[in-house]
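*Asks:* Hey, dropping target14.cif in here, mmCIF, C-alpha atoms:
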```cif
data_protein
#
loop_
_atom_site.group_PDB
_atom_site.id
_atom_site.type_symbol
_atom_site.label_atom_id
_atom_site.label_comp_id
_atom_site.auth_asym_id
_atom_site.auth_seq_id
_atom_site.Cartn_x
_atom_site.Cartn_y
_atom_site.Cartn_z
ATOM 1 C CA MET A 1 -12.354 3.338 20.551
ATOM 2 C CA ILE A 2 -8.934 3.459 22.223
ATOM 3 C CA LEU A 3 -9.749 6.872 23.718
ATOM 4 C CA PHE A 4 -12.999 5.555 25.190
ATOM 5 C CA LEU A 5 -11.199 2.534 26.658
ATOM 6 C CA LYS A 6 -8.583 4.832 28.212
ATOM 7 C CA GLU A 7 -11.348 6.971 29.709
ATOM 8 C CA MET A 8 -13.051 3.869 31.130
ATOM 9 C CA LYS A 9 -9.728 2.647 32.549
ATOM 10 C CA LYS A 10 -9.186 6.032 34.213
ATOM 11 C CA THR A 11 -12.676 5.943 35.755
ATOM 12 C CA LEU A 12 -12.196 2.408 37.094
ATOM 13 C CA LYS A 13 -8.768 3.325 38.488
ATOM 14 C CA LYS A 14 -10.277 6.299 40.320
ATOM 15 C CA LYS A 15 -12.995 4.127 41.882
ATOM 16 C CA ARG A 16 -10.409 1.554 42.954
ATOM 17 C CA GLN A 17 -8.224 4.243 44.527
ATOM 18 C CA GLN A 18 -11.199 5.613 46.471
ATOM 19 C CA GLU A 19 -11.902 2.139 47.851
ATOM 20 C CA MET A 20 -8.204 1.701 48.712
ATOM 21 C CA LYS A 21 -8.222 5.008 50.596
ATOM 22 C CA ARG A 22 -11.321 3.985 52.533
ATOM 23 C CA GLN A 23 -9.736 0.684 53.553
ATOM 24 C CA PHE A 24 -6.471 2.431 54.452
ATOM 25 C CA MET A 25 -8.301 4.860 56.748
ATOM 26 C CA ASP A 26 -10.049 1.952 58.486
ATOM 27 C CA GLY A 27 -6.676 0.292 58.982
ATOM 28 C CA MET A 28 -5.091 3.423 60.426
ATOM 29 C CA GLN A 29 -7.976 3.936 62.829
ATOM 30 C CA MET A 30 -7.312 0.437 64.178
ATOM 31 C CA VAL A 31 -3.595 1.248 64.415
ATOM 32 C CA THR A 32 -4.491 4.379 66.413
ATOM 33 C CA ALA A 33 -6.652 2.340 68.817
ATOM 34 C CA SER A 34 -3.722 -0.015 69.469
ATOM 35 C CA LEU A 35 -1.344 2.929 69.974
ATOM 36 C CA GLN A 36 -3.723 4.357 72.569
ATOM 37 C CA ALA A 37 -3.644 0.969 74.332
ATOM 38 C CA GLY A 38 0.136 1.303 74.684
ATOM 39 C CA TYR A 39 1.406 -0.978 71.889
ATOM 40 C CA SER A 40 4.484 -0.140 69.827
ATOM 41 C CA ILE A 41 3.816 0.886 66.229
ATOM 42 C CA GLU A 42 5.119 -2.478 64.981
ATOM 43 C CA ASN A 43 2.732 -4.395 67.234
ATOM 44 C CA CYS A 44 -0.050 -1.986 66.314
ATOM 45 C CA LEU A 45 0.172 -3.095 62.697
ATOM 46 C CA ARG A 46 -0.066 -6.737 63.747
ATOM 47 C CA GLU A 47 -3.073 -6.041 65.966
ATOM 48 C CA ALA A 48 -4.708 -3.947 63.254
ATOM 49 C CA LEU A 49 -4.278 -6.822 60.782
ATOM 50 C CA LYS A 50 -6.108 -9.178 63.156
ATOM 51 C CA GLU A 51 -9.001 -6.724 63.437
ATOM 52 C CA LEU A 52 -9.102 -6.009 59.708
ATOM 53 C CA MET A 53 -9.363 -9.719 58.952
ATOM 54 C CA LYS A 54 -12.658 -9.710 60.878
ATOM 55 C CA VAL A 55 -14.019 -6.963 58.626
ATOM 56 C CA TYR A 56 -12.557 -7.572 55.154
ATOM 57 C CA GLU A 57 -12.133 -10.575 52.895
ATOM 58 C CA PRO A 58 -8.622 -12.135 52.809
ATOM 59 C CA ASP A 59 -7.964 -10.954 49.227
ATOM 60 C CA THR A 60 -8.747 -7.257 49.779
ATOM 61 C CA PHE A 61 -6.154 -4.532 49.304
ATOM 62 C CA ILE A 62 -5.649 -3.591 52.960
ATOM 63 C CA ILE A 63 -5.265 -7.210 54.133
ATOM 64 C CA TRP A 64 -2.600 -7.906 51.518
ATOM 65 C CA GLU A 65 -0.717 -4.713 52.301
ATOM 66 C CA PHE A 66 -0.759 -5.209 56.075
ATOM 67 C CA ARG A 67 0.410 -8.794 55.612
ATOM 68 C CA ILE A 68 3.293 -7.564 53.477
ATOM 69 C CA MET A 69 4.151 -4.965 56.109
ATOM 70 C CA GLU A 70 4.005 -7.582 58.874
ATOM 71 C CA ALA A 71 6.406 -9.829 56.943
ATOM 72 C CA GLN A 72 8.755 -6.903 56.237
ATOM 73 C CA ILE A 73 8.768 -5.883 59.912
ATOM 74 C CA ALA A 74 9.923 -9.424 60.756
ATOM 75 C CA MET A 75 12.860 -8.743 58.391
ATOM 76 C CA ASN A 76 13.761 -5.623 60.438
ATOM 77 C CA ARG A 77 12.517 -3.012 57.962
ATOM 78 C CA SER A 78 11.357 0.235 59.553
ATOM 79 C CA VAL A 79 7.656 1.132 59.629
ATOM 80 C CA GLU A 80 8.397 4.534 58.046
ATOM 81 C CA GLU A 81 9.993 2.796 55.078
ATOM 82 C CA LEU A 82 7.031 0.461 54.719
ATOM 83 C CA PHE A 83 4.507 3.294 54.671
ATOM 84 C CA MET A 84 6.562 5.112 52.032
ATOM 85 C CA ASP A 85 6.676 1.936 49.926
ATOM 86 C CA LEU A 86 2.916 1.521 50.324
ATOM 87 C CA GLY A 87 2.272 5.076 49.133
ATOM 88 C CA TYR A 88 4.381 4.686 45.995
ATOM 89 C CA ARG A 89 3.051 1.222 45.165
ATOM 90 C CA CYS A 90 -0.548 2.438 45.409
ATOM 91 C CA ASP A 91 0.245 5.704 43.613
ATOM 92 C CA ILE A 92 -2.243 7.549 45.854
ATOM 93 C CA ASP A 93 -1.224 11.081 46.866
ATOM 94 C CA ASP A 94 -3.077 10.977 50.202
ATOM 95 C CA ILE A 95 -1.241 7.838 51.321
ATOM 96 C CA LYS A 96 2.083 9.306 50.152
ATOM 97 C CA SER A 97 1.395 12.455 52.181
ATOM 98 C CA PHE A 98 0.484 10.361 55.217
ATOM 99 C CA ALA A 99 3.735 8.400 54.878
ATOM 100 C CA GLU A 100 5.806 11.602 54.706
ATOM 101 C CA VAL A 101 4.075 13.127 57.761
ATOM 102 C CA PHE A 102 4.373 9.854 59.678
ATOM 103 C CA THR A 103 8.080 9.533 58.840
ATOM 104 C CA THR A 104 8.783 13.103 60.002
ATOM 105 C CA ALA A 105 6.837 12.597 63.253
ATOM 106 C CA LYS A 106 8.485 9.245 63.989
ATOM 107 C CA ARG A 107 12.016 10.553 63.453
ATOM 108 C CA SER A 108 11.432 13.755 65.399
ATOM 109 C CA GLY A 109 9.726 11.986 68.310
ATOM 110 C CA GLY A 110 6.316 13.581 67.695
ATOM 111 C CA ASP A 111 2.943 12.420 68.987
ATOM 112 C CA LEU A 112 2.167 9.557 66.590
ATOM 113 C CA ILE A 113 -1.422 9.186 67.806
ATOM 114 C CA ALA A 114 -2.222 12.850 67.106
ATOM 115 C CA VAL A 115 -0.380 12.744 63.770
ATOM 116 C CA ILE A 116 -2.262 9.663 62.563
ATOM 117 C CA GLN A 117 -5.629 10.943 63.779
ATOM 118 C CA ASN A 118 -5.175 14.391 62.200
ATOM 119 C CA THR A 119 -3.903 13.008 58.894
ATOM 120 C CA VAL A 120 -6.648 10.385 58.635
ATOM 121 C CA SER A 121 -9.222 13.062 59.538
ATOM 122 C CA CYS A 122 -7.934 15.301 56.718
ATOM 123 C CA ILE A 123 -8.076 12.428 54.214
ATOM 124 C CA ARG A 124 -11.612 11.528 55.344
ATOM 125 C CA GLN A 125 -12.807 15.154 55.055
ATOM 126 C CA LYS A 126 -11.320 15.366 51.585
ATOM 127 C CA GLN A 127 -13.058 12.143 50.575
ATOM 128 C CA GLU A 128 -16.390 13.304 52.018
ATOM 129 C CA THR A 129 -16.077 16.594 50.112
ATOM 130 C CA MET A 130 -15.412 14.658 46.917
ATOM 131 C CA GLN A 131 -18.459 12.463 47.530
ATOM 132 C CA GLU A 132 -20.649 15.546 48.065
ATOM 133 C CA ILE A 133 -19.398 17.049 44.805
ATOM 134 C CA GLU A 134 -20.065 13.786 42.952
ATOM 135 C CA THR A 135 -23.582 13.645 44.439
ATOM 136 C CA CYS A 136 -24.281 17.204 43.262
ATOM 137 C CA LEU A 137 -22.938 16.441 39.778
ATOM 138 C CA SER A 138 -24.524 12.992 39.387
ATOM 139 C CA GLY A 139 -27.564 14.432 37.591
ATOM 140 C CA LYS A 140 -25.393 16.423 35.178
ATOM 141 C CA MET A 141 -23.194 13.384 34.532
ATOM 142 C CA MET A 142 -26.276 11.329 33.672
ATOM 143 C CA GLU A 143 -27.453 14.086 31.302
ATOM 144 C CA GLN A 144 -24.035 14.148 29.671
ATOM 145 C CA ASN A 145 -24.066 10.372 29.163
ATOM 146 C CA ILE A 146 -27.551 10.497 27.626
ATOM 147 C CA MET A 147 -26.625 13.404 25.334
ATOM 148 C CA SER A 148 -23.506 11.504 24.246
ATOM 149 C CA LEU A 149 -25.606 8.470 23.283
ATOM 150 C CA ILE A 150 -28.283 10.358 21.339
ATOM 151 C CA PRO A 151 -26.236 10.907 18.106
ATOM 152 C CA LEU A 152 -25.252 7.229 18.025
ATOM 153 C CA LEU A 153 -28.838 6.122 18.624
ATOM 154 C CA ILE A 154 -30.095 8.420 15.862
ATOM 155 C CA LEU A 155 -27.545 7.000 13.397
ATOM 156 C CA ALA A 156 -28.456 3.434 14.380
ATOM 157 C CA TYR A 157 -32.162 4.203 13.932
ATOM 158 C CA VAL A 158 -31.627 5.762 10.492
ATOM 159 C CA LYS A 159 -29.417 2.847 9.423
ATOM 160 C CA LEU A 160 -32.114 0.341 10.411
ATOM 161 C CA THR A 161 -35.118 2.188 9.021
ATOM 162 C CA SER A 162 -33.795 4.173 6.027
ATOM 163 C CA PRO A 163 -30.260 3.082 5.110
ATOM 164 C CA GLU A 164 -30.460 4.979 1.802
ATOM 165 C CA PHE A 165 -30.191 8.287 3.699
ATOM 166 C CA LEU A 166 -26.760 7.271 4.975
ATOM 167 C CA GLU A 167 -25.526 6.527 1.458
ATOM 168 C CA VAL A 168 -25.532 10.273 0.775
ATOM 169 C CA MET A 169 -23.249 10.843 3.771
ATOM 170 C CA TYR A 170 -20.931 7.872 3.301
ATOM 171 C CA GLY A 171 -21.223 7.160 -0.407
ATOM 172 C CA ASN A 172 -18.991 9.990 -1.609
ATOM 173 C CA LEU A 173 -15.802 11.782 -0.608
ATOM 174 C CA THR A 174 -17.497 15.017 0.521
ATOM 175 C CA GLY A 175 -20.036 13.213 2.689
ATOM 176 C CA THR A 176 -17.341 11.037 4.256
ATOM 177 C CA ALA A 177 -15.190 14.085 5.048
ATOM 178 C CA VAL A 178 -18.149 15.872 6.653
ATOM 179 C CA MET A 179 -19.045 12.813 8.758
ATOM 180 C CA ILE A 180 -15.425 12.390 9.881
ATOM 181 C CA LEU A 181 -15.403 16.041 10.953
ATOM 182 C CA CYS A 182 -18.701 15.539 12.814
ATOM 183 C CA PHE A 183 -17.303 12.464 14.526
ATOM 184 C CA LEU A 184 -14.208 14.372 15.665
ATOM 185 C CA VAL A 185 -16.412 17.153 17.051
ATOM 186 C CA TYR A 186 -18.515 14.506 18.825
ATOM 187 C CA VAL A 187 -15.434 12.906 20.424
ATOM 188 C CA LEU A 188 -14.063 16.315 21.446
ATOM 189 C CA ALA A 189 -17.414 17.292 22.990
ATOM 190 C CA TYR A 190 -17.586 13.979 24.878
ATOM 191 C CA PHE A 191 -14.165 14.326 26.472
ATOM 192 C CA TRP A 192 -14.681 18.025 27.149
ATOM 193 C CA GLY A 193 -17.906 17.175 28.953
ATOM 194 C CA ARG A 194 -16.128 14.476 30.994
ATOM 195 C CA LYS A 195 -13.428 16.959 31.931
ATOM 196 C CA ILE A 196 -15.985 19.551 33.082
ATOM 197 C CA VAL A 197 -17.721 17.127 35.475
ATOM 198 C CA ARG A 198 -14.430 15.681 36.801
ATOM 199 C CA ILE A 199 -13.443 17.870 39.758
ATOM 200 C CA GLU A 200 -10.334 17.035 41.782
ATOM 201 C CA VAL A 201 -10.106 18.012 45.454
#
```
Could you write out this structure as structure tokens?

*Replies:*
Amino acid sequence: MILFLKEMKKTLKKKRQQEMKRQFMDGMQMVTASLQAGYSIENCLREALKELMKVYEPDTFIIWEFRIMEAQIAMNRSVEELFMDLGYRCDIDDIKSFAEVFTTAKRSGGDLIAVIQNTVSCIRQKQETMQEIETCLSGKMMEQNIMSLIPLLILAYVKLTSPEFLEVMYGNLTGTAVMILCFLVYVLAYFWGRKIVRIEV
């Protein structure tokens, strides 16, 4: 049961991180638009926050993070530092990579607009590739889920209709040992199947 809960937690975390990346890319596109209009990077974040508040609910990830960054800027923290903090708080590799590239470009006097656009484009392409892979595998994932449920459904059916058949399997030491072994094989097959259909880009 604990293993299944951990697997579910991992799946939910992955979905949340994908949504966080999508919101982050929207935010950085708005930052880029403000940079092109001639704003400083600090003012770009403020302007981006105003635009994001028209698109997202006040309690969404990107609104909270940009508000935190706005407050930290008012306390004279550098934007590079704030992006690095954001990457490590979110624990998302793409945002960490963006923060490192942004910090290098800012300190070396590079073209911030080109850096942000190229980095966001790379993250978006990676996300689109992942979505295409998930679309291709969705049928196989559904098959795997159905196949994983079949043994449990069969046991439930037998228990409801002919419980005496299960007494042979659970009523003695040999039967119990065999069923425990079968259960372990079932769990191993389930997680092996999940690993096969989980492809990281």

*Asks:* List the spatial neighbours of Val178 of chain A as a count of residues only - criterion: any atom at most 8 Å away, all atoms listed in the file, same-chain residues fewer than 4 positions off excluded.

*Replies:* 3

*Asks:* Starting from the point (-3.5, 0.2, 66.6), work out which residues of protein, DNA or RNA have an atom no more than 7 Å away when counting all atoms listed in the file; state them as a PyMOL selection string.

*Replies:* chain A and resi 29-35+44-45+47-48

*Asks:* Can you measure atom CA of Leu12 of chain A to atom CA of Asp93 of chain A for me? One decimal in Å is fine.

*Replies:*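 We find that atom CA of Leu12 of chain A and atom CA of Asp93 of chain A lie 17.1 Å from each other.
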
*Asks:* Between A:Pro163, A:Met84, A:Met147, A:Phe24, which has the minimum distance to Thr119 of chain A (counting only C-alpha atoms)?

*Replies:* A:Phe24

*Asks:* Just the residues within 10 Å of Glu19 of chain A, please, counting only C-alpha atoms, with nothing from its chain fewer than 5 positions along; format it as a count of residues only.

*Replies:* 6

*Asks:* Could you name the residues that touch Gln18 of chain A at 12 Å or less, counting all atoms listed in the file, but leaving out those on the same chain fewer than 5 positions away, as a count of residues only?

*Replies:* 20

*Asks:* Report, in Å to a single decimal, how far apart atom CA of Ser148 of chain A and atom CA of Arg194 of chain A are.

*Replies:*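 That distance, rounded to one decimal, is 10.4 Å.
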
*Asks:* Quick one: which residues end up in the PyMOL selection byres ((chain A and resi 87) around 12) for this structure, as a list in words?

*Replies:*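 So the PyMOL selection byres ((chain A and resi 87) around 12), applied here, picks out Gln17, Met20, Lys21, Phe24, Glu65, Glu80, Glu81, Leu82, Phe83, Met84, Asp85, Leu86, Tyr88, Arg89, Cys90, Asp91, Ile92, Asp93, Asp94, Ile95, Lys96, Ser97, Phe98, Ala99, Glu100, Val101 and Phe102 of chain A.
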
*Asks:* Take the residues that were just selected and, keeping C-alpha atoms, output them as a PDB file, keeping the file's coordinate frame.

*Replies:*
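Once everything was written out, this is result-v9.pdb:
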```pdb
ATOM      1  CA  GLN A  17      -8.224   4.243  44.527  1.00  0.00           C
ATOM      2  CA  MET A  20      -8.204   1.701  48.712  1.00  0.00           C
ATOM      3  CA  LYS A  21      -8.222   5.008  50.596  1.00  0.00           C
ATOM      4  CA  PHE A  24      -6.471   2.431  54.452  1.00  0.00           C
ATOM      5  CA  GLU A  65      -0.717  -4.713  52.301  1.00  0.00           C
ATOM      6  CA  GLU A  80       8.397   4.534  58.046  1.00  0.00           C
ATOM      7  CA  GLU A  81       9.993   2.796  55.078  1.00  0.00           C
ATOM      8  CA  LEU A  82       7.031   0.461  54.719  1.00  0.00           C
ATOM      9  CA  PHE A  83       4.507   3.294  54.671  1.00  0.00           C
ATOM     10  CA  MET A  84       6.562   5.112  52.032  1.00  0.00           C
ATOM     11  CA  ASP A  85       6.676   1.936  49.926  1.00  0.00           C
ATOM     12  CA  LEU A  86       2.916   1.521  50.324  1.00  0.00           C
ATOM     13  CA  TYR A  88       4.381   4.686  45.995  1.00  0.00           C
ATOM     14  CA  ARG A  89       3.051   1.222  45.165  1.00  0.00           C
ATOM     15  CA  CYS A  90      -0.548   2.438  45.409  1.00  0.00           C
ATOM     16  CA  ASP A  91       0.245   5.704  43.613  1.00  0.00           C
ATOM     17  CA  ILE A  92      -2.243   7.549  45.854  1.00  0.00           C
ATOM     18  CA  ASP A  93      -1.224  11.081  46.866  1.00  0.00           C
ATOM     19  CA  ASP A  94      -3.077  10.977  50.202  1.00  0.00           C
ATOM     20  CA  ILE A  95      -1.241   7.838  51.321  1.00  0.00           C
ATOM     21  CA  LYS A  96       2.083   9.306  50.152  1.00  0.00           C
ATOM     22  CA  SER A  97       1.395  12.455  52.181  1.00  0.00           C
ATOM     23  CA  PHE A  98       0.484  10.361  55.217  1.00  0.00           C
ATOM     24  CA  ALA A  99       3.735   8.400  54.878  1.00  0.00           C
ATOM     25  CA  GLU A 100       5.806  11.602  54.706  1.00  0.00           C
ATOM     26  CA  VAL A 101       4.075  13.127  57.761  1.00  0.00           C
ATOM     27  CA  PHE A 102       4.373   9.854  59.678  1.00  0.00           C
TER      28      PHE A 102
END
```

*Asks:* Quick one, how far is atom CA of Ala74 of chain A from atom CA of Met28 of chain A?

*Replies:*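 These two atoms are separated by 19.8 Å.
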